[in-house]
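What follows is input_2.cif (mmCIF, C-alpha atoms).
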data_entry
loop_
_atom_site.label_atom_id
_atom_site.label_comp_id
_atom_site.auth_asym_id
_atom_site.auth_seq_id
_atom_site.Cartn_x
_atom_site.Cartn_y
_atom_site.Cartn_z
CA MET W 4 -5.79 31.61 -13.88
CA ASN W 5 -2.23 30.62 -14.90
CA TRP W 6 -1.44 29.51 -11.33
CA PHE W 7 -4.49 27.25 -11.36
CA TRP W 8 -3.40 25.61 -14.61
CA LEU W 9 0.16 25.22 -13.36
CA PHE W 10 -1.22 23.53 -10.24
CA LEU W 11 -3.20 21.11 -12.44
CA PHE W 12 -0.32 20.41 -14.83
CA TYR W 13 2.12 19.67 -12.02
CA SER W 14 -0.49 17.65 -10.11
CA PHE W 15 -1.01 15.52 -13.22
CA GLY W 16 2.75 15.21 -13.75
CA GLY W 17 3.08 14.10 -10.13
CA TYR W 18 0.37 11.50 -10.67
CA LEU W 19 2.30 10.12 -13.66
CA LEU W 20 5.53 10.15 -11.65
CA GLU W 21 3.84 8.26 -8.79
CA LYS W 22 2.44 5.65 -11.17
CA ALA W 23 5.86 5.17 -12.79
CA PHE W 24 7.56 4.91 -9.39
CA ALA W 25 4.99 2.36 -8.15
CA PHE W 26 5.42 0.29 -11.30
CA LEU W 27 9.23 0.39 -11.30
CA THR W 28 9.53 -0.46 -7.61
CA ALA W 29 6.67 -3.00 -7.59
CA ALA W 30 5.24 -1.03 -4.68
CA PRO W 31 2.56 -2.85 -2.69
CA LEU W 32 0.28 0.23 -2.76
CA GLN W 33 -0.31 0.61 -6.48
CA VAL W 34 -2.84 3.42 -6.05
CA ARG W 35 0.16 5.71 -5.44
CA LYS W 36 -1.74 8.94 -5.65
CA CYS W 37 -3.32 11.43 -3.41
CA PHE W 38 -6.55 12.99 -2.46
CA LEU W 39 -8.55 13.12 -5.69
CA VAL W 40 -10.28 10.52 -7.86
CA LEU W 41 -9.13 12.47 -10.91
CA PRO W 42 -5.63 11.53 -12.09
CA LEU W 43 -4.05 14.31 -10.05
CA CYS W 44 -1.67 14.30 -7.11
CA PRO W 45 -2.16 17.75 -5.57
CA VAL W 46 0.91 17.64 -3.34
CA TYR W 47 3.06 17.96 -6.48
CA GLY W 48 1.03 20.89 -7.77
CA LEU W 49 1.24 22.67 -4.43
CA GLY W 50 4.93 21.87 -4.15
CA MET W 51 5.72 23.39 -7.52
CA LEU W 52 3.63 26.47 -6.75
CA ALA W 53 5.69 26.89 -3.56
CA VAL W 54 8.88 26.63 -5.62
CA LEU W 55 7.63 29.15 -8.18
CA ALA W 56 6.69 31.53 -5.34
CA LEU W 57 10.22 31.52 -3.93
CA PRO W 58 11.91 34.93 -4.11
CA LEU W 59 14.09 35.36 -7.19
CA PRO W 60 17.39 35.50 -5.21
CA LEU W 61 16.67 31.94 -4.00
CA ARG W 62 16.30 30.73 -7.60
CA THR W 63 19.29 32.38 -9.27
CA SER W 64 21.45 29.29 -9.70
CA PRO W 65 20.66 25.59 -10.12
CA TRP W 66 22.27 24.89 -6.73
CA ALA W 67 20.21 27.54 -4.95
CA LEU W 68 17.05 26.45 -6.76
CA GLY W 69 17.73 22.81 -5.89
CA PHE W 70 18.38 23.56 -2.22
CA TRP W 71 15.53 26.01 -1.58
CA GLY W 72 13.18 24.15 -3.91
CA ALA W 73 13.82 20.90 -2.05
CA LEU W 74 13.07 22.61 1.26
CA ALA W 75 9.89 24.21 -0.12
CA VAL W 76 8.57 20.95 -1.57
CA THR W 77 9.46 19.05 1.61
CA ALA W 78 7.62 21.63 3.73
CA VAL W 79 4.55 21.30 1.49
CA GLU W 80 4.78 17.50 1.61
CA PHE W 81 4.93 17.56 5.42
CA ALA W 82 1.98 19.97 5.71
CA VAL W 83 -0.18 18.08 3.20
CA HIS W 84 0.52 14.76 4.92
CA TRP W 85 -0.40 16.29 8.28
CA LEU W 86 -3.64 17.71 6.85
CA TYR W 87 -4.60 14.40 5.21
CA GLU W 88 -4.04 12.62 8.50
CA LYS W 89 -5.82 15.15 10.72
CA LEU W 90 -8.73 16.10 8.44
CA LEU W 91 -9.34 12.86 6.55
CA GLY W 92 -7.88 10.24 8.87
CA VAL W 93 -5.68 8.67 6.16
CA ARG W 94 -1.99 8.35 5.31
CA PHE W 95 -1.15 8.22 1.63
CA TRP W 96 2.55 7.63 2.26
CA ASP W 97 4.75 6.56 5.13
CA TYR W 98 8.50 7.14 5.14
CA SER W 99 8.97 5.57 8.60
CA PRO W 100 11.16 2.73 7.29
CA VAL W 101 13.48 5.22 5.54
CA LYS W 102 16.48 6.64 7.39
CA GLY W 103 16.18 10.36 7.99
CA ASP W 104 12.38 10.41 8.16
CA VAL W 105 10.40 12.96 10.15
CA ALA W 106 7.22 11.42 11.58
CA GLY W 107 6.92 9.26 8.46
CA ARG W 108 5.80 12.37 6.57
CA VAL W 109 9.05 13.36 4.87
CA CYS W 110 12.55 11.93 4.59
CA LEU W 111 16.01 13.13 3.65
CA PRO W 112 16.50 10.92 0.55
CA PHE W 113 13.30 12.18 -1.04
CA THR W 114 14.17 15.76 -0.10
CA ALA W 115 17.35 15.35 -2.14
CA ILE W 116 15.37 13.85 -5.03
CA TRP W 117 12.91 16.78 -4.88
CA GLY W 118 15.86 19.16 -5.28
CA VAL W 119 16.97 17.46 -8.49
CA LEU W 120 13.40 17.19 -9.80
CA VAL W 121 12.75 20.87 -9.07
CA VAL W 122 15.81 21.99 -11.05
CA LEU W 123 14.92 19.75 -14.01
CA THR W 124 11.26 20.76 -13.93
CA VAL W 125 11.92 24.51 -13.72
CA ARG W 126 14.54 24.29 -16.46
CA PHE W 127 12.85 21.96 -18.95
CA VAL W 128 9.13 21.61 -18.14
CA HIS W 129 8.06 24.94 -16.71
CA PRO W 130 8.54 27.05 -19.86
CA TRP W 131 6.18 24.70 -21.72
CA ALA W 132 3.71 24.52 -18.83
CA LEU W 133 3.62 28.32 -18.59
CA TRP W 134 3.14 28.64 -22.34
CA LEU W 135 0.27 26.13 -22.28
CA ALA W 136 -1.34 27.71 -19.19
CA GLY W 137 -1.44 31.06 -20.97
CA ARG W 138 -3.40 29.55 -23.84
CA MET W 139 -6.18 27.85 -21.87
CA PRO W 140 -9.61 29.40 -22.48
CA LEU W 141 -11.32 31.05 -19.54
CA TRP W 142 -14.49 28.95 -19.87
CA LEU W 143 -12.42 25.77 -19.56
CA GLY W 144 -10.84 27.14 -16.40
CA TYR W 145 -14.24 27.73 -14.80
CA ALA W 146 -15.48 24.28 -15.83
CA THR W 147 -12.32 22.68 -14.45
CA VAL W 148 -12.65 24.55 -11.15
CA LEU W 149 -16.18 23.13 -10.81
CA LEU W 150 -15.00 19.61 -11.64
CA LEU W 151 -12.07 19.83 -9.23
CA THR W 152 -14.31 21.19 -6.46
CA ALA W 153 -16.84 18.39 -6.94
CA ASP W 154 -14.05 15.81 -6.93
CA GLY W 155 -12.59 17.36 -3.77
CA PHE W 156 -15.88 17.12 -1.88
CA PHE W 157 -16.55 13.60 -3.16
CA SER W 158 -13.03 12.38 -2.36
CA ALA W 159 -13.10 13.89 1.13
CA ARG W 160 -16.40 12.14 1.82
CA VAL W 161 -15.11 8.78 0.56
CA LEU W 162 -11.91 9.02 2.57
CA ARG W 163 -13.59 10.19 5.79
CA ARG W 164 -16.19 7.47 5.48
CA GLY W 165 -14.00 4.61 4.26
CA GLY W 166 -10.67 5.56 5.83
CA ASP W 167 -8.82 3.66 3.09
CA VAL W 168 -6.59 5.31 0.47
CA GLU W 169 -7.01 2.27 -1.77
CA LEU W 170 -10.56 3.50 -2.43
CA MET W 171 -9.12 6.32 -4.51
CA SER W 172 -8.67 4.09 -7.54
CA VAL W 173 -11.71 4.08 -9.80
CA LYS W 174 -11.79 0.26 -9.84
CA ASN W 175 -11.79 -0.05 -6.02
CA LEU W 176 -14.24 2.82 -5.68
CA MET W 177 -16.68 1.15 -8.08
CA HIS W 178 -16.46 -2.12 -6.12
CA ALA W 179 -17.14 -0.27 -2.86
CA LEU W 180 -20.13 1.56 -4.34
CA GLN W 181 -21.58 -1.71 -5.70
CA ARG W 182 -21.39 -3.26 -2.22
CA GLU W 183 -23.51 -0.47 -0.72
#
Here is a file; write its structure as structure tokens.
Amino acid sequence: MNWFWLFLFYSFGGYLLEKAFAFLTAAPLQVRKCFLVLPLCPVYGLGMLAVLALPLPLRTSPWALGFWGALAVTAVEFAVHWLYEKLLGVRFWDYSPVKGDVAGRVCLPFTAIWGVLVVLTVRFVHPWALWLAGRMPLWLGYATVLLLTADGFFSARVLRRGGDVELMSVKNLMHALQRE
């Protein structure tokens, strides 16, 4: 169950990071999150799980961790973007205007940023996240799995039906539901 909690913690941290980035850059798409209505951005959770699953020799130094971690997170980001587009018909992000992009799904500048974030997260955040994950009660894990599953089905339905990532904010979702 620790992996599940780590996924949730890093998904929530990614959500906070996305909100901060959107605010600081005055991004036009202020939703700046991913698939779920809950304040979670699963691509970050999956990315960190991929980093934590790297073989130990690839994580022995900060440079190795930064390099291989950046590649792992970038691969997850590419795959998740592809799945969102193919299965749900939406694009949550588009790096096309950025030099060094690959199909608008990933780009070299963010790959470098992921490397730095991975090193900082593994060094300073992960020990606390692992400690907290180990203390979560089993019943809460089961309840959270049910909530996350329900949100996943609901979010997939909304996105497939509406085709608009802006619907993933509670405010916009409520307006859309009132119109129906």
Quiz item: On this structure, which residues satisfy the PyMOL selection byres ((chain W and resi 44) around 9), written as a ChimeraX atom specification?
Solution: /W:11,13-19,21,35-39,41-43,45-48
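Nearest residue to W:Arg160, choosing from W:Leu120, W:Leu91, W:Val76, W:Leu9 and counting all atoms listed in the file: W:Leu91.
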Practice problem: Name the residues captured by the PyMOL selection byres ((chain W and resi 67-73) around 7) when it is applied to the shown file; answer as a ChimeraX atom specification. | Solution: /W:54,61-66,74-77,114-115,117-119,121-122
Could those selected residues go to a file with C-alpha atoms, as a PDB file, keeping the file's coordinate frame?
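Wrote out-v3.pdb, looks like this:
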ATOM      1  CA  VAL W  54       8.880  26.630  -5.620  1.00  0.00           C
ATOM      2  CA  LEU W  61      16.670  31.940  -4.000  1.00  0.00           C
ATOM      3  CA  ARG W  62      16.300  30.730  -7.600  1.00  0.00           C
ATOM      4  CA  THR W  63      19.290  32.380  -9.270  1.00  0.00           C
ATOM      5  CA  SER W  64      21.450  29.290  -9.700  1.00  0.00           C
ATOM      6  CA  PRO W  65      20.660  25.590 -10.120  1.00  0.00           C
ATOM      7  CA  TRP W  66      22.270  24.890  -6.730  1.00  0.00           C
ATOM      8  CA  LEU W  74      13.070  22.610   1.260  1.00  0.00           C
ATOM      9  CA  ALA W  75       9.890  24.210  -0.120  1.00  0.00           C
ATOM     10  CA  VAL W  76       8.570  20.950  -1.570  1.00  0.00           C
ATOM     11  CA  THR W  77       9.460  19.050   1.610  1.00  0.00           C
ATOM     12  CA  THR W 114      14.170  15.760  -0.100  1.00  0.00           C
ATOM     13  CA  ALA W 115      17.350  15.350  -2.140  1.00  0.00           C
ATOM     14  CA  TRP W 117      12.910  16.780  -4.880  1.00  0.00           C
ATOM     15  CA  GLY W 118      15.860  19.160  -5.280  1.00  0.00           C
ATOM     16  CA  VAL W 119      16.970  17.460  -8.490  1.00  0.00           C
ATOM     17  CA  VAL W 121      12.750  20.870  -9.070  1.00  0.00           C
ATOM     18  CA  VAL W 122      15.810  21.990 -11.050  1.00  0.00           C
TER      19      VAL W 122
END
Quiz prompt | Answer as number ranges by chain, residues within 10 Å of (-9.1, 26.8, -13.1) using only C-alpha atoms | solution = W: 4-11, 136, 139-151
Quiz prompt | Contacts of W:Arg108 within 10 Å, all atoms listed in the file, excl. fewer than 5 positions in-chain, as a ChimeraX atom specification | solution = /W:77-78,80-85,94-99
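For the set W:Leu55, W:Met177, W:Ala159, W:Leu170, the residue with the smallest atom-to-atom gap to W:Leu86 is W:Ala159, counting only C-alpha atoms.
A straight line drawn from atom CA of W:Gly50 to atom CA of W:Val79 is 5.7 Å long.
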Practice problem: Could you check how far atom CA of W:Leu176 sits from atom CA of W:Phe26, in Å to one decimal? | Solution: 20.6 Å
